[in-house]
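Report on the structure given below.
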Amino acid sequence: MAVPVRYRLIGVLTAGAMINFIDRVNISVAAPAMMPALGLNKAEFGVVMSAFLAGYTLFQFPGGLMADRWNTKRIIALSCLGFSVFTALTPLGGLAFGLMVAIRFMVGAFESVSFPAYASMNSRWIPRQEYSRAQTVSLSGSYLGQTIGYPLTTWIVAAFSWPMVFYFNAVLGILWMGVWLWFSTNTPREHPRISESELKYIEDNRASRPGVTVSPWAILKSPTVLMLSASYMFLVYGVWMIVLWLPTYLVEGRGFSMQAMGWVGMIPTVASFVGLIGGGVLSDTLLRRGFSRRFARAQGPALCIGAGVPFLVGAMYSPSAGVSVACFAIYLFSINLATGGYWSVPLELNPKLVGAISGVMTFAGNLGGFFGPLSAGYIYQATGNWSLPFLTAAGGAIISFLIFYFLVRPEPMEFEQATGNATAAESAVGEA
């Protein structure tokens, strides 16, 4: 039996997310080799890592707007081309600290477009009852990329040099872009390989797209969007801190060798991947079995965040390095169960503005993420205590849980109607 075209599209997006995430975490895995080679201390390297997040944060909302209004297929391809080129240029940053900061900023700027654009693409291709799973599977490539990236990066550094890591990753991105341009289309109806039965199933079950076209800028005044974004911000503050500093913590704080870190570091990443996939299934299953939209998309996922916090605290205070790694894994599994909810709420609010709403949410999340690794570097530099940065991440997760559970209501929202050319442009894209 042939695999449905929409599933194959999700598979290509998953591979793209994998390459995207390899490109963003390779620098953290290579950090123990890069810092002495470039003469950078932890505080300075924290600035380099946060420069990526600055670019990644600033262009989330514009990226989502472009994906909603323009050719989503080409937007995704240009995003991949841009971050691949600047990844290849990363070793040139060794010439000057400011140049390294600028290059990593540009890697983040181009990568920022990808995930809001994935959400916009999935809103056109995927039936509502499958959307959370489709979105989390698409994003799961990020953890597959990190899982592969840990041992692959450490091997390339050991066998060749740290600059080779960035050249290799850039080539992967260019190859993926070619596959994407060959296979994808903006809508199911445009795809030459889709069957009539699959096309009818998608169009009959896709989330209804409101007839009234609205200005994307109106979402910035929506209390629900702002609360969703605030919750995501406090959660991602700690996620990025863990993603970018866990390799160094395992080497310096828990005594793992560089090579052992490459393998042990895969355990929390695999747990994150399983949690992400499970979160999409959980949210869709709750909705399909008659739970309220609010519980399936917000409150149920929020409970997963609350359940994970004690394990992050335990990761700091366990005397055993192995138990600490296990606690990190359980925490990341738990909070990733919530991801299906976060990425489904934009579809419930307004299917025509999925990319823009997702962009606002991820802008806020990565604004928190910008301060996560930056603050961790400075806190450790000032105190020499690895527990304090991760405890602030636990505090952020508690705030995230409270907002998501009590204040986010994923109900269809009414926005101010757009006027003039903007309305015509959005209407054309919304019906594409």
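Letters for chains follow the order of the structure tokens (A, B, ...), residue numbers begin at 1 for each chain, and ligand numbers begin at 1 in the order shown.
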Near-A:Phe273 list (7 Å; only C-alpha atoms; drop same-chain fewer than 3 positions) as number ranges by chain: A: 140, 143-144, 269-270, 276-277
Contacts of A:Leu38 within 12 Å, only C-alpha atoms, excl. fewer than 5 positions in-chain, as a VMD selection string: chain A and resid 30 to 33 44 to 45 48 91 to 97 100 162 to 163
Write to file, as a PDB file, in the first residue's frame, the residues of the selection just made, with N, CA and C atoms.
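Just written: part_5.pdb:
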```
ATOM      1  N   ALA A  30      30.861  21.061  20.047  1.00  0.00           N
ATOM      2  CA  ALA A  30      32.264  21.347  19.737  1.00  0.00           C
ATOM      3  C   ALA A  30      32.877  22.367  20.697  1.00  0.00           C
ATOM      4  N   ALA A  31      32.058  22.935  21.600  1.00  0.00           N
ATOM      5  CA  ALA A  31      32.518  24.013  22.473  1.00  0.00           C
ATOM      6  C   ALA A  31      33.781  23.680  23.277  1.00  0.00           C
ATOM      7  N   PRO A  32      33.884  22.482  23.903  1.00  0.00           N
ATOM      8  CA  PRO A  32      35.099  22.200  24.672  1.00  0.00           C
ATOM      9  C   PRO A  32      36.380  22.265  23.843  1.00  0.00           C
ATOM     10  N   ALA A  33      36.283  21.988  22.525  1.00  0.00           N
ATOM     11  CA  ALA A  33      37.458  22.106  21.651  1.00  0.00           C
ATOM     12  C   ALA A  33      37.616  23.521  21.113  1.00  0.00           C
ATOM     13  N   GLU A  44      32.226  34.584  27.390  1.00  0.00           N
ATOM     14  CA  GLU A  44      32.313  35.012  25.985  1.00  0.00           C
ATOM     15  C   GLU A  44      31.634  34.006  25.061  1.00  0.00           C
ATOM     16  N   PHE A  45      31.815  32.717  25.345  1.00  0.00           N
ATOM     17  CA  PHE A  45      31.189  31.714  24.497  1.00  0.00           C
ATOM     18  C   PHE A  45      29.676  31.710  24.682  1.00  0.00           C
ATOM     19  N   VAL A  48      28.435  34.120  22.237  1.00  0.00           N
ATOM     20  CA  VAL A  48      28.404  33.543  20.890  1.00  0.00           C
ATOM     21  C   VAL A  48      27.153  32.677  20.709  1.00  0.00           C
ATOM     22  N   PRO A  91      33.690  28.857  10.738  1.00  0.00           N
ATOM     23  CA  PRO A  91      35.118  28.861  11.102  1.00  0.00           C
ATOM     24  C   PRO A  91      35.817  30.193  10.855  1.00  0.00           C
ATOM     25  N   LEU A  92      35.304  31.012   9.936  1.00  0.00           N
ATOM     26  CA  LEU A  92      35.899  32.336   9.723  1.00  0.00           C
ATOM     27  C   LEU A  92      35.758  33.218  10.951  1.00  0.00           C
ATOM     28  N   GLY A  93      34.814  32.878  11.820  1.00  0.00           N
ATOM     29  CA  GLY A  93      34.637  33.638  13.044  1.00  0.00           C
ATOM     30  C   GLY A  93      35.851  33.596  13.950  1.00  0.00           C
ATOM     31  N   GLY A  94      36.734  32.643  13.717  1.00  0.00           N
ATOM     32  CA  GLY A  94      37.960  32.591  14.509  1.00  0.00           C
ATOM     33  C   GLY A  94      38.866  33.785  14.279  1.00  0.00           C
ATOM     34  N   LEU A  95      38.626  34.549  13.212  1.00  0.00           N
ATOM     35  CA  LEU A  95      39.450  35.728  12.927  1.00  0.00           C
ATOM     36  C   LEU A  95      39.179  36.865  13.892  1.00  0.00           C
ATOM     37  N   ALA A  96      37.948  36.946  14.382  1.00  0.00           N
ATOM     38  CA  ALA A  96      37.584  38.031  15.299  1.00  0.00           C
ATOM     39  C   ALA A  96      36.329  37.648  16.068  1.00  0.00           C
ATOM     40  N   PHE A  97      36.274  38.016  17.332  1.00  0.00           N
ATOM     41  CA  PHE A  97      35.124  37.689  18.177  1.00  0.00           C
ATOM     42  C   PHE A  97      33.841  38.283  17.602  1.00  0.00           C
ATOM     43  N   MET A 100      32.533  36.262  14.670  1.00  0.00           N
ATOM     44  CA  MET A 100      31.887  35.026  15.095  1.00  0.00           C
ATOM     45  C   MET A 100      30.469  35.309  15.582  1.00  0.00           C
ATOM     46  N   TRP A 162      37.614  20.891  14.496  1.00  0.00           N
ATOM     47  CA  TRP A 162      36.294  21.472  14.736  1.00  0.00           C
ATOM     48  C   TRP A 162      35.747  22.237  13.526  1.00  0.00           C
ATOM     49  N   PRO A 163      36.562  22.909  12.679  1.00  0.00           N
ATOM     50  CA  PRO A 163      35.963  23.565  11.511  1.00  0.00           C
ATOM     51  C   PRO A 163      35.252  22.600  10.556  1.00  0.00           C
TER      52      PRO A 163
END
```
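Closest approach to A:Val225 from the set A:Ile357, A:Val243, A:Ile22, A:Val85 is made by A:Ile357, with distances taken over only C-alpha atoms.
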Exercise: stretch 322-332 of chain A partners within 12 Å, only C-alpha atoms, chain neighbours under 4 positions left out, as a ChimeraX atom specification: /A:143,235-236,238-240,242-243,246-247,249-250,253-256,261,263-276,279,304-318,336-339,387,390,393-394,397
Residues from last step as file, C-alpha atoms, as a PDB file, in the first residue's frame:
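Contents of selection_2.pdb, as written:
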```
ATOM      1  CA  TYR A 143      15.905  15.718  18.466  1.00  0.00           C
ATOM      2  CA  LEU A 235       9.653  27.084  29.395  1.00  0.00           C
ATOM      3  CA  VAL A 236      12.133  27.623  26.556  1.00  0.00           C
ATOM      4  CA  GLY A 238      15.424  26.526  30.487  1.00  0.00           C
ATOM      5  CA  VAL A 239      15.262  24.295  27.425  1.00  0.00           C
ATOM      6  CA  TRP A 240      17.922  26.256  25.559  1.00  0.00           C
ATOM      7  CA  ILE A 242      20.035  22.658  28.892  1.00  0.00           C
ATOM      8  CA  VAL A 243      20.531  22.101  25.157  1.00  0.00           C
ATOM      9  CA  LEU A 246      24.517  20.235  29.083  1.00  0.00           C
ATOM     10  CA  PRO A 247      27.551  18.940  27.093  1.00  0.00           C
ATOM     11  CA  TYR A 249      28.175  20.385  32.327  1.00  0.00           C
ATOM     12  CA  LEU A 250      28.577  16.650  31.725  1.00  0.00           C
ATOM     13  CA  GLY A 253      30.374  19.100  36.366  1.00  0.00           C
ATOM     14  CA  ARG A 254      30.001  15.319  36.188  1.00  0.00           C
ATOM     15  CA  GLY A 255      33.446  14.185  35.018  1.00  0.00           C
ATOM     16  CA  PHE A 256      32.598  12.547  31.702  1.00  0.00           C
ATOM     17  CA  MET A 261      29.780  12.871  26.801  1.00  0.00           C
ATOM     18  CA  TRP A 263      27.287   9.113  23.843  1.00  0.00           C
ATOM     19  CA  VAL A 264      25.773   9.813  27.272  1.00  0.00           C
ATOM     20  CA  GLY A 265      24.424  13.128  26.000  1.00  0.00           C
ATOM     21  CA  MET A 266      22.223  11.185  23.597  1.00  0.00           C
ATOM     22  CA  ILE A 267      20.097   9.805  26.445  1.00  0.00           C
ATOM     23  CA  PRO A 268      18.243  13.060  27.343  1.00  0.00           C
ATOM     24  CA  THR A 269      17.941  13.793  23.636  1.00  0.00           C
ATOM     25  CA  VAL A 270      16.299  10.450  22.889  1.00  0.00           C
ATOM     26  CA  ALA A 271      13.938  11.048  25.822  1.00  0.00           C
ATOM     27  CA  SER A 272      13.064  14.461  24.360  1.00  0.00           C
ATOM     28  CA  PHE A 273      12.308  12.866  21.005  1.00  0.00           C
ATOM     29  CA  VAL A 274      10.016  10.249  22.539  1.00  0.00           C
ATOM     30  CA  GLY A 275       8.260  12.946  24.575  1.00  0.00           C
ATOM     31  CA  LEU A 276       7.747  15.145  21.535  1.00  0.00           C
ATOM     32  CA  GLY A 279       2.897  14.792  23.093  1.00  0.00           C
ATOM     33  CA  CYS A 304       3.159  17.292  31.927  1.00  0.00           C
ATOM     34  CA  ILE A 305       5.344  20.348  32.566  1.00  0.00           C
ATOM     35  CA  GLY A 306       4.463  20.381  36.264  1.00  0.00           C
ATOM     36  CA  ALA A 307       5.244  16.668  36.575  1.00  0.00           C
ATOM     37  CA  GLY A 308       8.741  17.140  35.158  1.00  0.00           C
ATOM     38  CA  VAL A 309      10.033  19.937  37.407  1.00  0.00           C
ATOM     39  CA  PRO A 310      11.059  17.750  40.400  1.00  0.00           C
ATOM     40  CA  PHE A 311      13.323  15.727  38.125  1.00  0.00           C
ATOM     41  CA  LEU A 312      15.266  18.796  36.974  1.00  0.00           C
ATOM     42  CA  VAL A 313      15.890  19.674  40.613  1.00  0.00           C
ATOM     43  CA  GLY A 314      16.923  16.065  41.244  1.00  0.00           C
ATOM     44  CA  ALA A 315      19.429  16.232  38.385  1.00  0.00           C
ATOM     45  CA  MET A 316      21.347  18.884  40.320  1.00  0.00           C
ATOM     46  CA  TYR A 317      21.384  17.251  43.746  1.00  0.00           C
ATOM     47  CA  SER A 318      21.882  13.592  42.932  1.00  0.00           C
ATOM     48  CA  ASN A 336       8.243  17.719  25.482  1.00  0.00           C
ATOM     49  CA  LEU A 337       4.915  15.989  26.091  1.00  0.00           C
ATOM     50  CA  ALA A 338       3.557  19.540  26.341  1.00  0.00           C
ATOM     51  CA  THR A 339       4.900  20.561  22.935  1.00  0.00           C
ATOM     52  CA  SER A 387      23.284  24.038  40.158  1.00  0.00           C
ATOM     53  CA  PHE A 390      19.540  24.872  36.139  1.00  0.00           C
ATOM     54  CA  ALA A 393      15.293  26.819  34.593  1.00  0.00           C
ATOM     55  CA  ALA A 394      13.111  24.844  37.028  1.00  0.00           C
ATOM     56  CA  ALA A 397       9.054  25.829  34.112  1.00  0.00           C
TER      57      ALA A 397
END
```
d(atom CA of A:Leu9, atom CA of A:Thr362) in Å: 22.6 Å
Expected answer as a PyMOL selection string: alpha helix (DSSP H) residues in stretch 125-309 of chain A: chain A and resi 125+128-159+162-183+196-205+223-252+258-264+266-288+293-294+300-309
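Closest approach to A:Met177 among A:Ser283, A:Ser84, A:Thr383, A:Asn71: A:Ser84, based on only C-alpha atoms.
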d(atom CA of A:Arg293, atom CA of A:Glu411) in Å: 7.5 Å
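Residue nearest A:Ala302, chosen from A:Ala109, A:Leu228, A:Val360, A:Ile174 and counting only C-alpha atoms: A:Leu228.
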Contacts of stretch 364-377 of chain A within 9 Å, only C-alpha atoms, excl. fewer than 6 positions in-chain, as an MDAnalysis selection string: chainID A and resid 42:54 56:58 60 226 229:245 386 388:390 392:393
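Of the residues under consideration (A:Phe295, A:Trp125, A:Tyr167, A:Trp155), A:Trp125 shows the shortest atom-to-atom contact distance to A:Arg6 when counting only C-alpha atoms.
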Selection: 10 Å around A:Lys200, only C-alpha atoms, excl. self and same-chain fewer than 6 positions, as a PyMOL selection string: chain A and resi 188-189+206
Could the residues in this selection be saved with C-alpha atoms as a compact mmCIF listing (two decimals), in the first residue's frame?
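Dumped to result-v5.txt:
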```
# COMPACT_ATOMS: atom_id res chain seq x y z
CA PRO A 188 -2.31 19.13 -1.65
CA ARG A 189 -4.25 20.02 -4.80
CA ARG A 206 -8.79 20.18 7.39
```
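Among the candidates A:Met35, A:Asn186, A:Ser257, A:Gly359, the residue lying nearest to A:Ser114 is A:Gly359 (atoms considered: only C-alpha atoms).
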Atom CA of A:Leu40 to atom CA of A:Ser161, distance in Å rounded to a single decimal: 17.3 Å
Nearby residues (only C-alpha atoms) at most 9 Å from A:Tyr342, same-chain spacing under 4 positions excluded, as a ChimeraX atom specification: /A:228,232,297-298,301,338,346,358,361,404
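Between A:Lys352 and the residues A:Val157, A:Leu220, A:Met121, A:Ile103, the shortest atom-to-atom distance, using only C-alpha atoms, involves A:Met121.
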Near-stretch 10-17 of chain A list (9 Å; only C-alpha atoms; drop same-chain fewer than 5 positions) as a ChimeraX atom specification: /A:5,22,80,114-115,118,122,134-135,137-145,173,176-177,179-180,183-184
Generate a file of the selected residues that holds N, CA and C atoms, formatted as a compact mmCIF listing (two decimals), in the first residue's frame.
```txt
# COMPACT_ATOMS: atom_id res chain seq x y z
N VAL A 5 0.76 10.81 0.49
CA VAL A 5 1.69 11.90 0.15
C VAL A 5 1.90 12.81 1.34
N ILE A 22 20.93 19.98 13.86
CA ILE A 22 22.35 19.67 13.87
C ILE A 22 23.16 20.97 13.73
N CYS A 80 16.64 27.28 4.50
CA CYS A 80 17.68 26.24 4.54
C CYS A 80 18.96 26.70 3.85
N SER A 114 12.13 28.58 9.75
CA SER A 114 11.78 27.20 9.42
C SER A 114 10.54 26.69 10.14
N PHE A 115 10.52 26.72 11.47
CA PHE A 115 9.45 26.04 12.19
C PHE A 115 8.10 26.74 12.08
N TYR A 118 6.95 25.54 8.80
CA TYR A 118 6.49 24.16 8.86
C TYR A 118 5.03 24.12 9.35
N ASN A 122 1.88 22.64 7.30
CA ASN A 122 1.07 21.55 7.83
C ASN A 122 -0.40 21.95 7.96
N ALA A 134 1.23 15.48 13.37
CA ALA A 134 2.01 15.88 12.21
C ALA A 134 3.03 16.95 12.58
N GLN A 135 2.60 17.90 13.38
CA GLN A 135 3.50 18.99 13.76
C GLN A 135 4.62 18.50 14.65
N VAL A 137 5.77 15.38 14.88
CA VAL A 137 6.66 14.51 14.10
C VAL A 137 7.59 15.37 13.24
N SER A 138 7.05 16.42 12.61
CA SER A 138 7.90 17.32 11.82
C SER A 138 9.01 17.91 12.67
N LEU A 139 8.65 18.34 13.87
CA LEU A 139 9.64 18.97 14.75
C LEU A 139 10.56 17.95 15.42
N SER A 140 10.13 16.68 15.44
CA SER A 140 10.94 15.66 16.11
C SER A 140 12.30 15.49 15.47
N GLY A 141 12.42 15.90 14.20
CA GLY A 141 13.72 15.86 13.57
C GLY A 141 14.75 16.66 14.32
N SER A 142 14.29 17.65 15.11
CA SER A 142 15.24 18.43 15.90
C SER A 142 15.97 17.54 16.89
N TYR A 143 15.25 16.60 17.51
CA TYR A 143 15.91 15.72 18.47
C TYR A 143 16.66 14.59 17.78
N LEU A 144 16.15 14.15 16.64
CA LEU A 144 16.94 13.19 15.87
C LEU A 144 18.27 13.82 15.47
N GLY A 145 18.22 15.09 15.07
CA GLY A 145 19.44 15.80 14.70
C GLY A 145 20.39 15.93 15.87
N GLY A 173 22.66 20.49 4.48
CA GLY A 173 21.56 21.42 4.27
C GLY A 173 21.28 21.68 2.80
N TRP A 176 19.48 18.69 1.28
CA TRP A 176 18.08 18.61 1.68
C TRP A 176 17.24 19.62 0.90
N MET A 177 17.75 20.81 0.69
CA MET A 177 17.01 21.84 -0.02
C MET A 177 16.62 21.36 -1.42
N VAL A 179 16.08 18.25 -2.38
CA VAL A 179 15.00 17.27 -2.25
C VAL A 179 13.67 17.98 -1.98
N TRP A 180 13.69 18.99 -1.12
CA TRP A 180 12.48 19.73 -0.77
C TRP A 180 11.87 20.41 -2.00
N PHE A 183 10.22 17.73 -4.31
CA PHE A 183 9.07 16.95 -3.85
C PHE A 183 7.86 17.79 -3.43
N SER A 184 8.04 18.92 -2.80
CA SER A 184 6.95 19.60 -2.11
C SER A 184 6.12 20.49 -3.02
```
